[in-house]
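This is protein10.cif (mmCIF, C-alpha atoms, pLDDT in the B column; chains and numbers go by the auth columns).
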```cif
data_start
loop_
_atom_site.group_PDB
_atom_site.id
_atom_site.type_symbol
_atom_site.label_atom_id
_atom_site.label_comp_id
_atom_site.label_asym_id
_atom_site.label_seq_id
_atom_site.Cartn_x
_atom_site.Cartn_y
_atom_site.Cartn_z
_atom_site.B_iso_or_equiv
_atom_site.auth_seq_id
_atom_site.auth_asym_id
ATOM 1 C CA MET A 1 16.160 -1.483 -13.618 52.00 280 U
ATOM 2 C CA ARG A 2 16.357 -1.489 -9.849 71.00 281 U
ATOM 3 C CA ASP A 3 14.568 1.303 -7.972 87.00 282 U
ATOM 4 C CA ALA A 4 16.678 3.390 -5.613 94.00 283 U
ATOM 5 C CA ARG A 5 15.991 2.698 -1.955 95.00 284 U
ATOM 6 C CA LEU A 6 14.993 5.839 -0.085 97.00 285 U
ATOM 7 C CA SER A 7 17.400 7.257 2.484 95.00 286 U
ATOM 8 C CA ALA A 8 16.251 8.016 6.032 94.00 287 U
ATOM 9 C CA LEU A 9 15.997 11.699 5.118 96.00 288 U
ATOM 10 C CA GLU A 10 13.918 10.905 2.036 96.00 289 U
ATOM 11 C CA LEU A 11 11.657 8.632 4.097 96.00 290 U
ATOM 12 C CA ASP A 12 11.013 11.542 6.454 96.00 291 U
ATOM 13 C CA SER A 13 9.701 13.585 3.531 96.00 292 U
ATOM 14 C CA PHE A 14 7.645 10.764 1.961 97.00 293 U
ATOM 15 C CA LEU A 15 5.898 9.493 5.120 97.00 294 U
ATOM 16 C CA PRO A 16 3.664 12.580 5.532 97.00 295 U
ATOM 17 C CA THR A 17 2.271 11.914 2.034 97.00 296 U
ATOM 18 C CA VAL A 18 0.652 8.714 3.360 98.00 297 U
ATOM 19 C CA PRO A 19 -0.528 9.664 6.878 97.00 298 U
ATOM 20 C CA SER A 20 -2.662 6.527 7.364 97.00 299 U
ATOM 21 C CA TRP A 21 0.301 4.229 6.748 98.00 300 U
ATOM 22 C CA THR A 22 2.798 3.063 9.369 98.00 301 U
ATOM 23 C CA LEU A 23 6.496 2.495 8.890 97.00 302 U
ATOM 24 C CA VAL A 24 7.434 -0.994 10.116 93.00 303 U
ATOM 25 C CA ASP A 25 11.052 -1.989 9.553 90.00 304 U
ATOM 26 C CA ARG A 26 11.560 -1.713 5.777 93.00 305 U
ATOM 27 C CA GLU A 27 7.927 -1.504 4.749 97.00 306 U
ATOM 28 C CA ILE A 28 4.870 0.677 5.074 98.00 307 U
ATOM 29 C CA ALA A 29 1.601 -0.920 6.124 98.00 308 U
ATOM 30 C CA ARG A 30 -2.036 -0.020 6.535 98.00 309 U
ATOM 31 C CA THR A 31 -5.180 -1.893 7.509 98.00 310 U
ATOM 32 C CA PHE A 32 -8.330 -0.882 5.641 98.00 311 U
ATOM 33 C CA ASP A 33 -11.761 -1.615 7.163 98.00 312 U
ATOM 34 C CA CYS A 34 -14.021 -2.183 4.169 97.00 313 U
ATOM 35 C CA GLY A 35 -17.227 -2.761 6.152 96.00 314 U
ATOM 36 C CA SER A 36 -17.966 -6.286 4.912 97.00 315 U
ATOM 37 C CA PHE A 37 -16.236 -9.368 3.598 98.00 316 U
ATOM 38 C CA ARG A 38 -17.682 -8.796 0.125 97.00 317 U
ATOM 39 C CA ALA A 39 -16.338 -5.228 0.027 97.00 318 U
ATOM 40 C CA ALA A 40 -12.948 -6.402 1.301 98.00 319 U
ATOM 41 C CA ILE A 41 -12.660 -8.929 -1.512 98.00 320 U
ATOM 42 C CA ALA A 42 -13.779 -6.335 -4.082 98.00 321 U
ATOM 43 C CA PHE A 43 -11.075 -4.008 -2.749 98.00 322 U
ATOM 44 C CA VAL A 44 -8.481 -6.778 -3.064 98.00 323 U
ATOM 45 C CA VAL A 45 -9.478 -7.253 -6.708 98.00 324 U
ATOM 46 C CA GLN A 46 -8.947 -3.542 -7.335 97.00 325 U
ATOM 47 C CA ILE A 47 -5.594 -3.754 -5.560 97.00 326 U
ATOM 48 C CA GLY A 48 -4.671 -6.593 -7.898 97.00 327 U
ATOM 49 C CA TYR A 49 -5.425 -4.508 -10.978 96.00 328 U
ATOM 50 C CA LEU A 50 -3.409 -1.560 -9.655 96.00 329 U
ATOM 51 C CA ALA A 51 -0.526 -3.829 -8.703 95.00 330 U
ATOM 52 C CA GLU A 52 -0.417 -5.434 -12.133 95.00 331 U
ATOM 53 C CA ALA A 53 -0.659 -2.081 -13.907 95.00 332 U
ATOM 54 C CA THR A 54 2.341 -0.769 -11.962 92.00 333 U
ATOM 55 C CA ASP A 55 4.213 -4.101 -11.815 91.00 334 U
ATOM 56 C CA HIS A 56 4.505 -3.603 -8.064 93.00 335 U
ATOM 57 C CA HIS A 57 2.921 -6.239 -5.848 93.00 336 U
ATOM 58 C CA PRO A 58 1.993 -5.748 -2.181 97.00 337 U
ATOM 59 C CA ASP A 59 1.635 -8.301 0.565 97.00 338 U
ATOM 60 C CA ILE A 60 -2.107 -8.660 1.223 98.00 339 U
ATOM 61 C CA ASP A 61 -3.806 -10.156 4.284 98.00 340 U
ATOM 62 C CA VAL A 62 -7.607 -10.421 4.408 98.00 341 U
ATOM 63 C CA ARG A 63 -9.339 -10.873 7.770 98.00 342 U
ATOM 64 C CA TYR A 64 -13.108 -10.784 7.346 97.00 343 U
ATOM 65 C CA ARG A 65 -13.804 -7.129 6.476 97.00 344 U
ATOM 66 C CA ARG A 66 -10.266 -5.855 7.012 98.00 345 U
ATOM 67 C CA VAL A 67 -7.478 -5.820 4.442 98.00 346 U
ATOM 68 C CA ARG A 68 -3.905 -5.272 5.578 98.00 347 U
ATOM 69 C CA ILE A 69 -1.480 -4.111 2.905 98.00 348 U
ATOM 70 C CA ALA A 70 2.291 -4.048 3.320 98.00 349 U
ATOM 71 C CA LEU A 71 4.485 -2.390 0.717 98.00 350 U
ATOM 72 C CA THR A 72 8.210 -2.698 0.142 97.00 351 U
ATOM 73 C CA THR A 73 10.426 -3.030 -2.895 96.00 352 U
ATOM 74 C CA HIS A 74 12.084 -6.410 -2.462 91.00 353 U
ATOM 75 C CA ASP A 75 14.615 -5.846 -5.268 90.00 354 U
ATOM 76 C CA SER A 76 15.825 -2.703 -3.493 92.00 355 U
ATOM 77 C CA ASP A 77 15.708 -4.230 -0.013 91.00 356 U
ATOM 78 C CA GLY A 78 13.544 -1.430 1.320 95.00 357 U
ATOM 79 C CA LEU A 79 11.191 1.382 0.466 97.00 358 U
ATOM 80 C CA THR A 80 11.243 3.257 -2.822 97.00 359 U
ATOM 81 C CA GLU A 81 9.138 5.968 -4.427 96.00 360 U
ATOM 82 C CA ARG A 82 7.046 3.210 -6.046 96.00 361 U
ATOM 83 C CA ASP A 83 5.829 2.048 -2.636 97.00 362 U
ATOM 84 C CA PHE A 84 4.555 5.495 -1.760 97.00 363 U
ATOM 85 C CA ALA A 85 2.958 5.997 -5.171 97.00 364 U
ATOM 86 C CA LEU A 86 1.045 2.720 -4.822 97.00 365 U
ATOM 87 C CA ALA A 87 0.053 3.572 -1.229 98.00 366 U
ATOM 88 C CA ARG A 88 -1.431 6.889 -2.372 98.00 367 U
ATOM 89 C CA ALA A 89 -3.276 5.153 -5.225 97.00 368 U
ATOM 90 C CA LEU A 90 -4.736 2.568 -2.819 97.00 369 U
ATOM 91 C CA ASP A 91 -5.831 5.335 -0.453 98.00 370 U
ATOM 92 C CA GLU A 92 -7.662 7.043 -3.344 97.00 371 U
ATOM 93 C CA VAL A 93 -9.444 3.834 -4.375 97.00 372 U
ATOM 94 C CA PHE A 94 -10.462 3.158 -0.788 98.00 373 U
ATOM 95 C CA VAL A 95 -11.805 6.671 -0.194 97.00 374 U
ATOM 96 C CA ALA A 96 -13.699 6.672 -3.491 96.00 375 U
ATOM 97 C CA ASN A 97 -15.291 3.244 -3.036 94.00 376 U
ATOM 98 C CA TYR A 98 -15.165 1.852 0.500 90.00 377 U
ATOM 99 C CA GLN A 99 -14.701 4.509 3.156 81.00 378 U
ATOM 100 C CA GLN A 100 -17.814 4.627 5.280 69.00 379 U
#
```

I'd like the structure from this file rewritten - as structure tokens, please.
Amino acid sequence: MRDARLSALELDSFLPTVPSWTLVDREIARTFDCGSFRAAIAFVVQIGYLAEATDHHPDIDVRYRRVRIALTTHDSDGLTERDFALARALDEVFVANYQQ
């Protein structure tokens, strides 16, 4: 089943729920500074488990200690509620384990 793409009005209400994320075209993105390369890779592993559990897979870019995540729902050609739910889950994991 295809997720419904959020309207502009819906996006306006969802964006405040992920204040550290930036809207870029049809995706939301955030760069996490994990403090070290080892921590960044550990965070990526946790992202992988969350992504598999929700069957929703982000674009991930690792640059030394920083991990950039971009979320969009490709099947819906834009952002859906699933993107925001995963963003909030990633924020929680980061705060609990990596925020300095």

Residues picked by the PyMOL selection byres ((chain U and resi 292-308) around 8) here, as a CSV table (one decimal) with C-alpha atoms, in the frame of the given file?
```csv
chain,number,residue,atom,x,y,z
U,288,LEU,CA,16.0,11.7,5.1
U,289,GLU,CA,13.9,10.9,2.0
U,290,LEU,CA,11.7,8.6,4.1
U,291,ASP,CA,11.0,11.5,6.5
U,309,ARG,CA,-2.0,0.0,6.5
U,310,THR,CA,-5.2,-1.9,7.5
U,347,ARG,CA,-3.9,-5.3,5.6
U,348,ILE,CA,-1.5,-4.1,2.9
U,349,ALA,CA,2.3,-4.0,3.3
U,350,LEU,CA,4.5,-2.4,0.7
U,351,THR,CA,8.2,-2.7,0.1
U,356,ASP,CA,15.7,-4.2,0.0
U,357,GLY,CA,13.5,-1.4,1.3
U,358,LEU,CA,11.2,1.4,0.5
U,362,ASP,CA,5.8,2.0,-2.6
U,363,PHE,CA,4.6,5.5,-1.8
U,366,ALA,CA,0.1,3.6,-1.2
U,367,ARG,CA,-1.4,6.9,-2.4
```

| query | What is the CA of Arg345 (chain U) to CA of Thr359 (chain U) distance in Å? | reply | 25.3 Å

Which centre and which edge lengths, in Å to one decimal, describe the axis-aligned box that holds all listed atoms of region 350-358 of chain U after 8 Å is added on each side, as AutoDock Vina command-line options?
```
--center_x 10.2 --center_y -2.5 --center_z -2.0 --size_x 27.3 --size_y 23.8 --size_z 22.6
```

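Those DNA, RNA and protein residues that approach the point (5.9, -3.5, -8.9) to within 10 Å, considering all atoms listed in the file, are Asp282, Leu329, Ala330, Glu331, Ala332, Thr333, Asp334, His335, His336, Pro337, Leu350, Thr351, Thr352, His353, Asp354, Arg361, Asp362 and Leu365 of chain U.
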
| message | Could you tell me how far CA of Cys313 (chain U) sits from CA of Arg344 (chain U), in Å to one decimal place? | response | 5.5 Å

| message | What would the selection look like, as a ChimeraX atom specification, if the PyMOL selection byres ((chain U and resi 373) around 10) were run on the coordinates I just shared? | response | /U:311-313,322,325-326,367-372,374-379

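With distances taken over all atoms listed in the file, U:Glu360 is the one residue among U:Ala318, U:Ile339, U:Glu360, U:Val346 lying closest to Arg281 (chain U).
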
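CA of Leu285 (chain U) lies 13.1 Å from CA of Ala364 (chain U).
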